[in-house]
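Below is one structure, written out as structure tokens; comments come after it.
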Amino acid sequence: MDTFSLAIDSKSSLTSFSRGANIAVVGAGGGIGKALVERLSMDENKPNVIALNRSDLRRSGWKGLFKSLELENESSIKEASEFIKRKMGTLSAVIVATGLLHDDTGIKPEKSWSTLDPYSIERVYRVNTVGPALVAKYFLPLLDNNCKSVFACLSARVGSIADNDLGGWYAYRASKAALNMILKNISIELRRKNKNAVCVGLHPGTVRTKLSKLFSNNVSPESIVSPELAAINLLSVLNDLTVRDSGKIFAYDGSVIPY
């Protein structure tokens, strides 16, 4: 999918948010992030969407508000938050749709402890844990105090310690488990600072994206969903959230995943 041209219906997924809510999507150039941005731009509740990404999405046809954001650069994250504060004021939702499982430099899921590599572990943590934590540092103060607001990050079922029966994927599993702890901590502090705010992790399932492409052969075809469907599922989960759900990790179907 090279351009923002999804053919999906325009029914609202955001009925629990204020009409015209300001929503930021971090990692809007990825498979899920791009689908989220497009789905939001068609929502009948008319949210104001800002796409945040390392590369300029306007070259791919995105005509909405855009700001560059480099997830591994704290100054870039801070600058993006200041830009949003000037342009939009507050935010009703922040969705961090980023993640690293493998890349072209040789990072890949480990099958055994014998393949553990310090650079790979550190890089996976920087993208999957440290980056979202720094987004939280600068974006949480932008959440609206007067109505429902949400801070959500893409987590993963394999980040669940209780649900781990297979082992392997050391760095990815550990980085997502660490992210889950960050989100739990945030939820506790949010209760004191913003009574209307919710903080959650989201497991999108196995999605037809670059991240899962190398491993989709191990999953039944009917279990793999398109980015478009994943976006619809995740926004539905966000719409149903209440403050009682803060700190939890939700799957795409609304079920809670244990830590």
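Following the order of the structure tokens, chains are lettered A, B, ..., residues in each are numbered from 1, and ligands are numbered from 1.
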
Spatial neighbours of segment 18-33 of chain A, 6 Å, only C-alpha atoms, chain gap at least 2 places, as a ChimeraX atom specification: /A:35-36,45-53,91-98,209,227

Residues as selected, C-alpha atoms, written as a tab-separated table (two decimals), in the first residue's frame, can you do that?
chain	number	residue	atom	x	y	z
A	35	ALA	CA	-4.46	2.18	8.29
A	36	LEU	CA	-5.31	3.87	11.60
A	45	ASN	CA	-17.10	11.80	14.31
A	46	LYS	CA	-14.71	14.01	12.32
A	47	PRO	CA	-11.57	13.75	14.48
A	48	ASN	CA	-8.63	16.03	13.78
A	49	VAL	CA	-5.77	13.66	13.04
A	50	ILE	CA	-2.06	14.40	13.15
A	51	ALA	CA	0.22	11.81	11.57
A	52	LEU	CA	3.68	11.49	13.14
A	53	ASN	CA	6.36	9.56	11.35
A	91	LEU	CA	-5.27	15.63	22.54
A	92	SER	CA	-8.10	13.16	23.04
A	93	ALA	CA	-5.98	10.19	22.02
A	94	VAL	CA	-2.38	9.23	21.35
A	95	ILE	CA	-1.82	5.93	19.55
A	96	VAL	CA	1.78	4.70	19.37
A	97	ALA	CA	1.74	2.26	16.44
A	98	THR	CA	5.42	1.36	16.33
A	209	THR	CA	2.56	-6.09	7.59
A	227	PRO	CA	-4.05	-3.62	8.40

Find the residues around Lys195 of chain A up to 10 Å (only C-alpha atoms counted), leave out those fewer than 5 positions away in its own chain, and share them as an MDAnalysis selection string. chainID A and resid 145:149 190 243

Give the helix (DSSP H, G or I) residues of segment 12-120 of chain A, as DSSP finds them on the backbone, and put them as number ranges by chain. A: 31-41, 57-60, 74-87, 113-115, 118-120

May I ask for the distance between atom CA of Leu235 of chain A and atom CA of Met88 of chain A, given in Å to one decimal place?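 We find that atom CA of Leu235 of chain A and atom CA of Met88 of chain A lie 20.9 Å from each other.
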
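By only C-alpha atoms, and with residues fewer than 3 positions from Asn233 of chain A along its chain excluded, the set lying at most 10 Å from it is Ser13, Pro204, Gly205, Pro227, Glu228, Leu229, Ala230, Ser236, Val237, Leu238, Asn239, Ala251, Tyr252, Asp253 and Gly254 of chain A.
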
Include C-alpha atoms and write out the residues we just selected as an mmCIF file, in the first residue's frame.
data_model
loop_
_atom_site.group_PDB
_atom_site.id
_atom_site.type_symbol
_atom_site.label_atom_id
_atom_site.label_comp_id
_atom_site.auth_asym_id
_atom_site.auth_seq_id
_atom_site.Cartn_x
_atom_site.Cartn_y
_atom_site.Cartn_z
ATOM 1 C CA SER A 13 -15.711 4.057 15.665
ATOM 2 C CA PRO A 204 -3.497 -6.195 17.112
ATOM 3 C CA GLY A 205 -3.198 -9.906 16.343
ATOM 4 C CA PRO A 227 -4.054 -3.616 8.397
ATOM 5 C CA GLU A 228 -7.452 -2.104 7.568
ATOM 6 C CA LEU A 229 -9.326 -4.673 9.663
ATOM 7 C CA ALA A 230 -6.742 -4.388 12.437
ATOM 8 C CA SER A 236 -13.401 -0.313 18.440
ATOM 9 C CA VAL A 237 -11.466 -1.375 21.544
ATOM 10 C CA LEU A 238 -10.422 2.228 22.209
ATOM 11 C CA ASN A 239 -14.000 3.414 21.829
ATOM 12 C CA ALA A 251 -6.356 -7.902 22.412
ATOM 13 C CA TYR A 252 -8.023 -6.807 19.173
ATOM 14 C CA ASP A 253 -11.266 -8.527 20.223
ATOM 15 C CA GLY A 254 -11.508 -6.636 23.510
#

If we count only C-alpha atoms and set the cut-off at 7 Å, which residues sit around segment 105-121 of chain A, ignoring sequence neighbours fewer than 2 positions away in its own chain? Please answer as a list of chain:residue names. A:Leu101, A:His102, A:Asp103, A:Arg123, A:Val124, A:Tyr125, A:Gly168, A:Trp169, A:Tyr170, A:Ala171, A:Tyr172

So that I have them on file, write out the residues from the current selection with N, CA and C atoms, as a compact mmCIF listing (two decimals), in the first residue's frame.
# COMPACT_ATOMS: atom_id res chain seq x y z
N LEU A 101 10.61 -6.03 15.32
CA LEU A 101 10.82 -7.46 15.53
C LEU A 101 12.07 -7.92 14.78
N HIS A 102 12.25 -7.39 13.59
CA HIS A 102 13.43 -7.72 12.78
C HIS A 102 13.70 -6.56 11.83
N ASP A 103 14.91 -6.51 11.29
CA ASP A 103 15.22 -5.47 10.31
C ASP A 103 16.29 -5.97 9.35
N ARG A 123 18.74 -2.37 20.65
CA ARG A 123 17.97 -1.68 19.61
C ARG A 123 16.49 -2.00 19.73
N VAL A 124 16.16 -3.26 19.96
CA VAL A 124 14.76 -3.65 20.11
C VAL A 124 14.13 -2.94 21.30
N TYR A 125 14.88 -2.82 22.38
CA TYR A 125 14.38 -2.10 23.56
C TYR A 125 14.20 -0.61 23.26
N GLY A 168 11.67 -18.46 23.37
CA GLY A 168 12.21 -17.81 22.18
C GLY A 168 11.83 -16.34 22.10
N TRP A 169 12.27 -15.70 21.01
CA TRP A 169 11.97 -14.29 20.76
C TRP A 169 12.32 -13.45 22.00
N TYR A 170 13.52 -13.67 22.52
CA TYR A 170 13.92 -13.10 23.80
C TYR A 170 13.77 -11.58 23.86
N ALA A 171 14.41 -10.88 22.94
CA ALA A 171 14.42 -9.42 23.00
C ALA A 171 13.03 -8.84 22.78
N TYR A 172 12.31 -9.36 21.79
CA TYR A 172 10.98 -8.83 21.48
C TYR A 172 10.02 -9.07 22.63

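Excluding Ala178 of chain A and any residue on its chain fewer than 4 positions from it, the residues at most 7 Å away by only C-alpha atoms are Thr129, Ala174 and Ile182 of chain A.
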